[in-house]
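Participant: My structure is in data.txt, and what it holds is compact mmCIF, C-alpha atoms and all ligand atoms:
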# COMPACT_ATOMS: atom_id res chain seq x y z
CA MET Z 748 -4.71 -3.50 28.21
CA ASN Z 749 -3.42 -6.20 25.93
CA THR Z 750 -2.71 -9.49 27.63
CA PRO Z 751 -0.44 -12.18 26.20
CA LYS Z 752 -2.27 -14.98 24.37
CA TYR Z 753 0.05 -17.61 25.87
CA LYS Z 754 1.02 -18.10 29.51
CA ARG Z 755 3.67 -20.78 29.08
CA VAL Z 756 5.79 -21.05 25.96
CA MET Z 757 8.70 -23.04 24.64
CA LEU Z 758 11.20 -20.96 22.71
CA LYS Z 759 13.45 -22.91 20.35
CA LEU Z 760 16.62 -21.05 19.43
CA SER Z 761 18.80 -22.69 16.84
CA GLY Z 762 22.54 -22.49 17.37
CA GLU Z 763 22.69 -20.41 14.18
CA ALA Z 764 20.42 -17.83 15.81
CA LEU Z 765 23.14 -17.15 18.40
CA ALA Z 766 25.87 -16.91 15.81
CA GLY Z 767 24.69 -13.83 13.93
CA LYS Z 768 26.06 -13.30 10.42
CA THR Z 769 29.19 -15.41 10.79
CA GLY Z 770 27.19 -18.62 11.32
CA TYR Z 771 29.78 -19.82 13.83
CA GLY Z 772 30.34 -19.23 17.55
CA PHE Z 773 28.58 -16.32 19.22
CA ASP Z 774 27.57 -12.87 18.20
CA PHE Z 775 27.06 -11.46 21.69
CA GLU Z 776 25.16 -8.43 20.42
CA VAL Z 777 22.63 -10.81 18.85
CA VAL Z 778 22.46 -12.96 21.99
CA LYS Z 779 21.91 -9.81 24.10
CA ARG Z 780 19.04 -8.71 21.89
CA ILE Z 781 17.39 -12.13 22.11
CA ALA Z 782 17.91 -12.09 25.89
CA SER Z 783 16.28 -8.69 26.20
CA GLU Z 784 13.26 -9.98 24.25
CA ILE Z 785 13.06 -12.95 26.63
CA LYS Z 786 13.29 -10.55 29.58
CA GLU Z 787 10.32 -8.59 28.23
CA LEU Z 788 8.22 -11.76 28.13
CA VAL Z 789 9.14 -12.67 31.71
CA GLU Z 790 8.21 -9.15 32.84
CA MET Z 791 4.79 -9.62 31.22
CA GLY Z 792 4.29 -12.74 33.34
CA VAL Z 793 4.86 -15.25 30.53
CA GLN Z 794 6.55 -18.47 31.66
CA VAL Z 795 9.44 -19.19 29.32
CA GLY Z 796 11.18 -22.49 28.64
CA ALA Z 797 13.96 -22.43 26.07
CA VAL Z 798 15.71 -25.14 24.10
CA VAL Z 799 18.95 -24.15 22.44
CA GLY Z 800 20.51 -25.85 19.44
CA GLY Z 801 24.19 -26.42 18.86
CA GLY Z 802 24.70 -25.85 15.15
CA ASN Z 803 26.88 -22.75 15.70
CA ILE Z 804 29.47 -25.04 17.29
CA TRP Z 805 28.91 -28.59 16.12
CA ARG Z 806 26.31 -30.74 14.38
CA GLY Z 807 26.37 -34.53 14.35
CA ARG Z 808 26.32 -34.50 10.57
CA ASN Z 809 29.61 -32.54 10.52
CA GLY Z 810 31.37 -35.61 11.81
CA ILE Z 811 32.04 -37.22 8.45
CA GLY Z 812 34.03 -40.38 9.02
CA MET Z 813 33.21 -40.30 12.71
CA ASP Z 814 31.08 -42.64 14.68
CA ARG Z 815 27.55 -41.13 14.43
CA THR Z 816 26.80 -41.48 18.13
CA THR Z 817 30.06 -39.77 19.14
CA ALA Z 818 29.39 -36.92 16.71
CA ASP Z 819 25.87 -36.59 18.12
CA TYR Z 820 27.06 -36.52 21.74
CA MET Z 821 29.48 -33.75 20.71
CA GLY Z 822 26.46 -31.88 19.34
CA MET Z 823 24.60 -32.33 22.62
CA LEU Z 824 27.59 -30.93 24.52
CA ALA Z 825 27.61 -27.96 22.13
CA THR Z 826 24.04 -27.15 23.17
CA CYS Z 827 25.23 -27.02 26.80
CA ILE Z 828 27.86 -24.42 25.91
CA ASN Z 829 25.15 -22.35 24.23
CA ALA Z 830 22.82 -22.74 27.21
CA MET Z 831 25.53 -21.44 29.57
CA ALA Z 832 26.17 -18.43 27.33
CA LEU Z 833 22.47 -17.58 27.15
CA GLN Z 834 22.07 -18.12 30.90
CA ASN Z 835 24.94 -15.79 31.71
CA ILE Z 836 23.63 -13.02 29.50
CA LEU Z 837 20.09 -13.33 30.87
CA GLU Z 838 21.33 -13.29 34.46
CA ASN Z 839 23.44 -10.19 33.76
CA MET Z 840 20.17 -8.52 32.75
CA GLY Z 841 18.54 -9.52 36.03
CA VAL Z 842 16.53 -12.47 34.69
CA VAL Z 843 16.56 -15.48 37.00
CA THR Z 844 17.30 -18.67 35.10
CA ARG Z 845 18.05 -22.34 35.54
CA VAL Z 846 19.79 -24.63 33.07
CA GLN Z 847 18.63 -28.23 33.11
CA THR Z 848 20.61 -30.77 31.13
CA ALA Z 849 19.49 -34.05 29.59
CA ILE Z 850 22.95 -35.47 30.34
CA GLU Z 851 24.06 -35.06 33.93
CA MET Z 852 26.78 -32.48 34.60
CA ARG Z 853 25.92 -31.46 38.12
CA GLU Z 854 28.85 -29.08 38.59
CA ILE Z 855 27.47 -26.95 35.79
CA ALA Z 856 23.70 -27.32 35.81
CA GLU Z 857 20.74 -29.20 37.23
CA PRO Z 858 19.74 -32.47 35.63
CA PHE Z 859 16.40 -32.36 33.85
CA ILE Z 860 13.65 -33.00 36.37
CA ARG Z 861 10.22 -32.25 34.97
CA ARG Z 862 8.51 -31.28 38.21
CA LYS Z 863 11.40 -29.04 39.18
CA ALA Z 864 11.35 -27.38 35.78
CA ILE Z 865 7.65 -26.60 36.18
CA ARG Z 866 8.25 -25.19 39.67
CA HIS Z 867 10.97 -22.89 38.29
CA LEU Z 868 8.62 -21.70 35.56
CA GLU Z 869 5.87 -21.00 38.09
CA LYS Z 870 8.34 -18.88 40.04
CA GLY Z 871 9.07 -16.83 36.92
CA ARG Z 872 12.47 -18.35 36.21
CA VAL Z 873 13.50 -19.00 32.63
CA VAL Z 874 14.39 -22.67 32.25
CA ILE Z 875 16.95 -23.42 29.55
CA PHE Z 876 16.87 -27.05 28.51
CA ALA Z 877 20.28 -28.20 27.31
CA GLY Z 878 21.74 -31.42 25.95
CA GLY Z 879 18.88 -32.06 23.53
CA THR Z 880 16.94 -35.20 24.39
CA GLY Z 881 20.11 -36.83 25.74
CA ASN Z 882 19.99 -39.37 22.91
CA PRO Z 883 21.88 -39.58 19.63
CA TYR Z 884 19.91 -39.70 16.35
CA PHE Z 885 17.61 -36.90 17.58
CA SER Z 886 17.62 -33.14 17.10
CA THR Z 887 17.11 -30.16 19.35
CA ASP Z 888 13.82 -29.54 17.48
CA THR Z 889 12.67 -32.90 18.83
CA ALA Z 890 13.97 -31.90 22.26
CA ALA Z 891 11.88 -28.70 22.03
CA ALA Z 892 8.78 -30.72 21.12
CA LEU Z 893 9.42 -33.25 23.87
CA ARG Z 894 10.10 -30.70 26.62
CA ALA Z 895 7.16 -28.57 25.44
CA ALA Z 896 4.87 -31.58 25.89
CA GLU Z 897 6.40 -32.39 29.27
CA ILE Z 898 6.06 -28.87 30.71
CA CYS Z 899 2.62 -28.40 29.08
CA ALA Z 900 3.72 -25.42 26.99
CA GLU Z 901 0.87 -23.97 24.93
CA VAL Z 902 2.99 -23.21 21.89
CA ILE Z 903 6.49 -23.63 20.46
CA LEU Z 904 8.08 -20.44 19.19
CA LEU Z 905 10.51 -21.59 16.53
CA ALA Z 906 12.94 -18.75 15.95
CA LYS Z 907 14.78 -19.17 12.66
CA LYS Z 908 16.99 -17.37 10.19
CA VAL Z 909 14.13 -17.46 7.68
CA ASP Z 910 10.94 -15.53 8.53
CA GLY Z 911 8.49 -18.42 8.11
CA VAL Z 912 7.77 -21.53 6.08
CA TYR Z 913 8.07 -21.28 2.28
CA ASP Z 914 7.13 -23.66 -0.54
CA SER Z 915 10.78 -23.56 -1.67
CA ASP Z 916 14.02 -22.09 -0.37
CA PRO Z 917 13.58 -18.27 -0.45
CA ASN Z 918 17.38 -17.87 -0.60
CA LEU Z 919 17.45 -19.77 -3.91
CA ASN Z 920 14.03 -18.97 -5.37
CA PRO Z 921 12.96 -15.28 -5.38
CA ASN Z 922 9.37 -16.40 -6.16
CA ALA Z 923 9.15 -18.72 -3.16
CA LYS Z 924 5.73 -18.40 -1.49
CA LYS Z 925 5.40 -17.99 2.26
CA PHE Z 926 2.61 -19.84 4.05
CA GLU Z 927 0.66 -18.01 6.75
CA LYS Z 928 -0.92 -21.18 8.08
CA LEU Z 929 -0.26 -24.89 7.64
CA THR Z 930 -1.38 -28.13 9.21
CA PHE Z 931 1.12 -30.67 10.51
CA GLN Z 932 -0.27 -33.11 7.95
CA GLU Z 933 0.56 -30.68 5.11
CA VAL Z 934 4.07 -30.19 6.49
CA LEU Z 935 4.62 -33.95 6.54
CA GLU Z 936 3.00 -34.61 3.14
CA LYS Z 937 4.79 -31.74 1.36
CA ASN Z 938 8.01 -32.54 3.20
CA LEU Z 939 8.34 -28.87 4.16
CA LYS Z 940 11.46 -27.95 6.08
CA VAL Z 941 9.93 -26.71 9.33
CA MET Z 942 11.29 -29.22 11.80
CA ASP Z 943 12.47 -32.75 11.17
CA SER Z 944 9.70 -35.32 10.83
CA THR Z 945 10.21 -36.76 14.34
CA ALA Z 946 9.70 -33.34 15.92
CA THR Z 947 6.76 -32.54 13.63
CA SER Z 948 5.03 -35.84 14.46
CA LEU Z 949 5.51 -35.29 18.19
CA CYS Z 950 3.89 -31.85 17.96
CA LYS Z 951 1.08 -33.24 15.78
CA ASP Z 952 0.33 -36.13 18.13
CA ASN Z 953 0.39 -33.91 21.21
CA ASN Z 954 -1.44 -31.00 19.59
CA ILE Z 955 1.24 -28.39 20.24
CA PRO Z 956 1.11 -25.55 17.68
CA ILE Z 957 4.33 -24.07 16.32
CA ILE Z 958 4.92 -20.49 15.27
CA VAL Z 959 7.87 -20.22 12.88
CA PHE Z 960 9.32 -16.74 12.56
CA GLY Z 961 12.51 -14.85 11.78
CA LEU Z 962 14.61 -13.81 14.70
CA ASP Z 963 16.37 -11.09 12.74
CA THR Z 964 13.36 -8.79 13.11
CA PRO Z 965 13.35 -7.37 16.64
CA GLY Z 966 10.01 -7.64 18.44
CA ASN Z 967 8.84 -10.80 16.67
CA ILE Z 968 8.80 -12.92 19.85
CA LYS Z 969 6.49 -10.42 21.56
CA LYS Z 970 4.22 -10.22 18.51
CA ALA Z 971 3.91 -14.01 18.49
CA ILE Z 972 3.04 -14.01 22.20
CA PHE Z 973 0.21 -11.54 21.61
CA GLY Z 974 -1.17 -13.69 18.81
CA GLU Z 975 -0.32 -11.13 16.12
CA PRO Z 976 0.43 -12.58 12.70
CA VAL Z 977 4.10 -13.30 12.41
CA GLY Z 978 5.78 -15.91 10.21
CA THR Z 979 3.87 -19.16 9.78
CA ILE Z 980 1.64 -20.96 12.27
CA VAL Z 981 1.52 -24.77 12.07
CA SER Z 982 -1.23 -26.61 13.93
CA ASN Z 983 -3.61 -29.56 13.57
N1 LIG P 1001 21.74 -33.89 19.08
C1 LIG P 1001 21.47 -35.22 19.38
N2 LIG P 1001 20.36 -35.53 20.11
C2 LIG P 1001 19.48 -34.57 20.52
C3 LIG P 1001 19.72 -33.23 20.19
C4 LIG P 1001 20.87 -32.91 19.47
O1 LIG P 1001 22.23 -36.10 19.02
O2 LIG P 1001 18.47 -34.92 21.20
C5 LIG P 1001 23.00 -33.53 18.38
C6 LIG P 1001 22.94 -33.71 16.87
O3 LIG P 1001 24.19 -34.18 16.44
C7 LIG P 1001 22.70 -32.29 16.38
C8 LIG P 1001 23.49 -31.47 17.37
O4 LIG P 1001 23.31 -32.16 18.61
O5 LIG P 1001 23.18 -32.10 15.08
C9 LIG P 1001 23.09 -30.03 17.52
O6 LIG P 1001 21.69 -29.92 17.55
P1 LIG P 1001 20.84 -29.30 16.32
O7 LIG P 1001 21.49 -29.66 15.01
O8 LIG P 1001 19.43 -29.68 16.51
O9 LIG P 1001 21.04 -27.75 16.58
P2 LIG P 1001 20.49 -26.51 15.73
O10 LIG P 1001 20.37 -26.92 14.28
O11 LIG P 1001 19.15 -26.15 16.28
O12 LIG P 1001 21.48 -25.43 15.97
How would this structure read if it were set down as structure tokens?
Facilitator:
Amino acid sequence: MNTPKYKRVMLKLSGEALAGKTGYGFDFEVVKRIASEIKELVEMGVQVGAVVGGGNIWRGRNGIGMDRTTADYMGMLATCINAMALQNILENMGVVTRVQTAIEMREIAEPFIRRKAIRHLEKGRVVIFAGGTGNPYFSTDTAAALRAAEICAEVILLAKKVDGVYDSDPNLNPNAKKFEKLTFQEVLEKNLKVMDSTATSLCKDNNIPIIVFGLDTPGNIKKAIFGEPVGTIVSN
């Protein structure tokens, strides 16, 4: 029988991924489908950590004319709203979860405690990391890289709107070429839009591969877990 290639993974879901076609708020049908894919992984014995973005509600860069740090903290709070939505849907499906936040809000969720997070994962609970890194001027991609390193995840599954990494924007250029494999160095040198450079450097320095794939195709998360070719793999 096929066994998953990875035992502990970090799934990064952008806020956009939860929003469906509208790009804003939640498309609960989409969130339910993602949750059912996560459930499948848990049932296979894969330990799943998840970092959620906030772009479907608020991004720091939307705050034109605002203080950057305030706008960024608003973004971090947006990720907490997303984490609660994902948690609720997973729990309704019978998946045991914990939300851990980088900014304390004890009435709502646990604070991030690395050793506790690992314990939850070992018990088969999905741990949703919310609030980004807890610091302005960072992104949730960086939070995914940081938490992945902290919980010793073997891979980051970067679920995106686009189905991999291209040499130019496939929405603008019909001849854009998709890469199957890339090194972190190539991503940095070519300035490819995989993650921001802080997140990319963190993954490079800590040797954490990233699989970038489209979330719109059902079953992609499972394929990635079994090591089947899906999207683009970035490693050292
Ligand atoms: N953010 C931040 N520090 C972090 C993570 C996120 O300040 O460690 C803020 C930032 O303003 C960002 C917003 O939260 O724009 C939402 O996160 P992100 O844009 O990464 O979400 P995504 O694009 O994945 O939906």
Participant: Might you pull out every residue within 8 Å of Ala892 in chain Z, with all atoms listed in the file counted and same-chain residues fewer than 3 positions away left off, and present them as a ChimeraX atom specification?
Facilitator: /Z:888-889,895-896,903,946-947,949-950,955
Participant: Could you list, as a PyMOL selection string, every residue within 9 Å of Lys907 in chain Z, counting all atoms listed in the file and ignoring same-chain residues fewer than 4 positions away?
Facilitator: chain Z and resi 759-761+763-764+911+959-963
Participant: Using only the atoms of ligand LIG 1001 (chain P) listed in the file, plus 6 Å on each side, state the axis-aligned box centre and edge lengths in Å rounded to one decimal, as JSON.
Facilitator:
{"center_x": 21.3, "center_y": -30.8, "center_z": 17.7, "size_x": 17.7, "size_y": 22.7, "size_z": 18.9}
Participant: May I have the residues within 6 Å of range 964-973 of chain Z as a list in words, using all atoms listed in the file and disregarding those fewer than 3 positions away in the same chain?
Facilitator: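 In the requested format, the answer is Pro751, Lys752 and Tyr753 of chain Z.
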Participant: Report as a PyMOL selection string which protein, DNA and RNA residues come within 7 Å of ligand LIG 1001 (chain P), using only C-alpha atoms and all ligand atoms.
Facilitator: chain Z and resi 760-763+799-803+805-808+818-823+825-826+878-890
Participant: Any idea what the distance is between CA of Gly978 in chain Z and CA of Leu893 in chain Z?
Facilitator: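 Value for the CA of Gly978 in chain Z-CA of Leu893 in chain Z distance: 22.4 Å.
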Participant: Expressed in Å to a single decimal, how great is the separation between CA of Glu838 in chain Z and CA of Leu824 in chain Z?
Facilitator: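 A separation of 21.2 Å between them.
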Participant: Give me the residues within 12 Å of Glu927 in chain Z as a list in words, counting only C-alpha atoms and dropping any in the same chain fewer than 5 places off.
Facilitator: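 Selected residues are Asp910, Gly911, Val912, Tyr913, Asp914, Ile957, Ile958, Val959, Phe960, Glu975, Pro976, Val977, Gly978, Thr979, Ile980, Val981 and Ser982 of chain Z.
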Participant: How about saving the chosen residues, C-alpha atoms kept, as a PDB file, in the coordinates of the input?
Facilitator:
ATOM      1  CA  ASP Z 910      10.940 -15.530   8.530  1.00  0.00           C
ATOM      2  CA  GLY Z 911       8.490 -18.420   8.110  1.00  0.00           C
ATOM      3  CA  VAL Z 912       7.770 -21.530   6.080  1.00  0.00           C
ATOM      4  CA  TYR Z 913       8.070 -21.280   2.280  1.00  0.00           C
ATOM      5  CA  ASP Z 914       7.130 -23.660  -0.540  1.00  0.00           C
ATOM      6  CA  ILE Z 957       4.330 -24.070  16.320  1.00  0.00           C
ATOM      7  CA  ILE Z 958       4.920 -20.490  15.270  1.00  0.00           C
ATOM      8  CA  VAL Z 959       7.870 -20.220  12.880  1.00  0.00           C
ATOM      9  CA  PHE Z 960       9.320 -16.740  12.560  1.00  0.00           C
ATOM     10  CA  GLU Z 975      -0.320 -11.130  16.120  1.00  0.00           C
ATOM     11  CA  PRO Z 976       0.430 -12.580  12.700  1.00  0.00           C
ATOM     12  CA  VAL Z 977       4.100 -13.300  12.410  1.00  0.00           C
ATOM     13  CA  GLY Z 978       5.780 -15.910  10.210  1.00  0.00           C
ATOM     14  CA  THR Z 979       3.870 -19.160   9.780  1.00  0.00           C
ATOM     15  CA  ILE Z 980       1.640 -20.960  12.270  1.00  0.00           C
ATOM     16  CA  VAL Z 981       1.520 -24.770  12.070  1.00  0.00           C
ATOM     17  CA  SER Z 982      -1.230 -26.610  13.930  1.00  0.00           C
TER      18      SER Z 982
END
Participant: Distance CA of Thr750 in chain Z-CA of Met791 in chain Z, one decimal place?
Facilitator: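 These two atoms are separated by 8.3 Å.
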Participant: For Ile836 in chain Z, list every protein, DNA or RNA residue within 8 Å, evaluated using only C-alpha atoms, and leave out those in the same chain fewer than 6 positions away; present the list as a ChimeraX atom specification.
Facilitator: /Z:778-779,782
Participant: Have a look at Z:Val941, Z:Met757, Z:Pro858, Z:Met831 and name the one nearest to Lys908 in chain Z; count only C-alpha atoms.
Facilitator: Z:Val941
Participant: I need the residue nearest Cys899 in chain Z from this list: Z:Lys786, Z:Arg853, Z:Arg755, Z:Arg780. Use only C-alpha atoms for the distance.
Facilitator: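 Using only C-alpha atoms, the shortest distance to Cys899 in chain Z belongs to Z:Arg755.
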Participant: Determine, using all atoms listed in the file, which residues of range 749-846 of chain Z have any atom at most 10 Å from an atom of range 864-871 of chain Z, and tabulate each with its shortest atom pair and distance in Å to one decimal place, rows ordered by chain and then rising number, as a Markdown table.
Facilitator:
| residue | atom | partner | partner_atom | distance |
| --- | --- | --- | --- | --- |
| Z:Arg755 | CA | Z:Leu868 | CA | 8.2 |
| Z:Val789 | CA | Z:Gly871 | CA | 6.7 |
| Z:Glu790 | CA | Z:Gly871 | CA | 8.7 |
| Z:Gly792 | CA | Z:Gly871 | CA | 7.2 |
| Z:Val793 | CA | Z:Gly871 | CA | 7.8 |
| Z:Gln794 | CA | Z:Leu868 | CA | 5.5 |
| Z:Val795 | CA | Z:Leu868 | CA | 6.8 |
| Z:Gly796 | CA | Z:Leu868 | CA | 7.4 |
| Z:Val842 | CA | Z:Gly871 | CA | 8.9 |
| Z:Val843 | CA | Z:Gly871 | CA | 7.6 |
| Z:Thr844 | CA | Z:His867 | CA | 8.2 |
| Z:Arg845 | CA | Z:His867 | CA | 7.6 |
| Z:Val846 | CA | Z:Ala864 | CA | 9.3 |
Participant: Pick from Z:Met942, Z:Leu833, Z:Met852, Z:Ala923: nearest to Ala797 in chain Z, with all atoms listed in the file counted?
Facilitator: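 Counting all atoms listed in the file, the residue closest to Ala797 in chain Z is Z:Leu833.
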Participant: Could you pull range 813-829 of chain Z out of the structure I just pasted and write it to a file containing N, CA and C atoms, as a CSV table (one decimal), in the first residue's frame?
Facilitator:
chain,number,residue,atom,x,y,z
Z,813,MET,N,-2.3,54.9,6.1
Z,813,MET,CA,-2.3,54.5,7.6
Z,813,MET,C,-0.9,54.3,8.0
Z,814,ASP,N,-0.7,54.3,9.3
Z,814,ASP,CA,0.5,53.8,9.9
Z,814,ASP,C,0.8,52.4,9.5
Z,815,ARG,N,2.0,52.0,9.0
Z,815,ARG,CA,2.2,50.7,8.5
Z,815,ARG,C,2.0,49.6,9.6
Z,816,THR,N,2.5,49.9,10.8
Z,816,THR,CA,2.4,48.9,11.8
Z,816,THR,C,1.0,48.6,12.2
Z,817,THR,N,0.1,49.7,12.3
Z,817,THR,CA,-1.3,49.5,12.6
Z,817,THR,C,-1.9,48.6,11.5
Z,818,ALA,N,-1.7,49.0,10.2
Z,818,ALA,CA,-2.2,48.2,9.1
Z,818,ALA,C,-1.8,46.8,9.2
Z,819,ASP,N,-0.5,46.5,9.6
Z,819,ASP,CA,0.0,45.2,9.7
Z,819,ASP,C,-0.7,44.4,10.8
Z,820,TYR,N,-0.9,45.0,11.9
Z,820,TYR,CA,-1.5,44.4,13.1
Z,820,TYR,C,-3.0,44.0,12.7
Z,821,MET,N,-3.6,44.9,11.9
Z,821,MET,CA,-5.0,44.6,11.4
Z,821,MET,C,-4.9,43.3,10.5
Z,822,GLY,N,-3.9,43.2,9.7
Z,822,GLY,CA,-3.7,42.0,8.9
Z,822,GLY,C,-3.5,40.7,9.8
Z,823,MET,N,-2.7,40.9,10.8
Z,823,MET,CA,-2.5,39.7,11.7
Z,823,MET,C,-3.8,39.3,12.4
Z,824,LEU,N,-4.7,40.3,12.8
Z,824,LEU,CA,-6.0,40.0,13.3
Z,824,LEU,C,-6.8,39.2,12.3
Z,825,ALA,N,-6.7,39.7,11.0
Z,825,ALA,CA,-7.5,39.0,10.0
Z,825,ALA,C,-7.2,37.6,9.9
Z,826,THR,N,-5.9,37.2,10.1
Z,826,THR,CA,-5.5,35.8,10.0
Z,826,THR,C,-6.2,35.0,11.1
Z,827,CYS,N,-6.4,35.7,12.3
Z,827,CYS,CA,-7.1,35.0,13.4
Z,827,CYS,C,-8.5,34.7,13.0
Z,828,ILE,N,-9.2,35.6,12.4
Z,828,ILE,CA,-10.6,35.4,11.9
Z,828,ILE,C,-10.6,34.1,11.0
Z,829,ASN,N,-9.7,34.1,10.1
Z,829,ASN,CA,-9.6,33.0,9.1
Z,829,ASN,C,-9.3,31.7,9.9
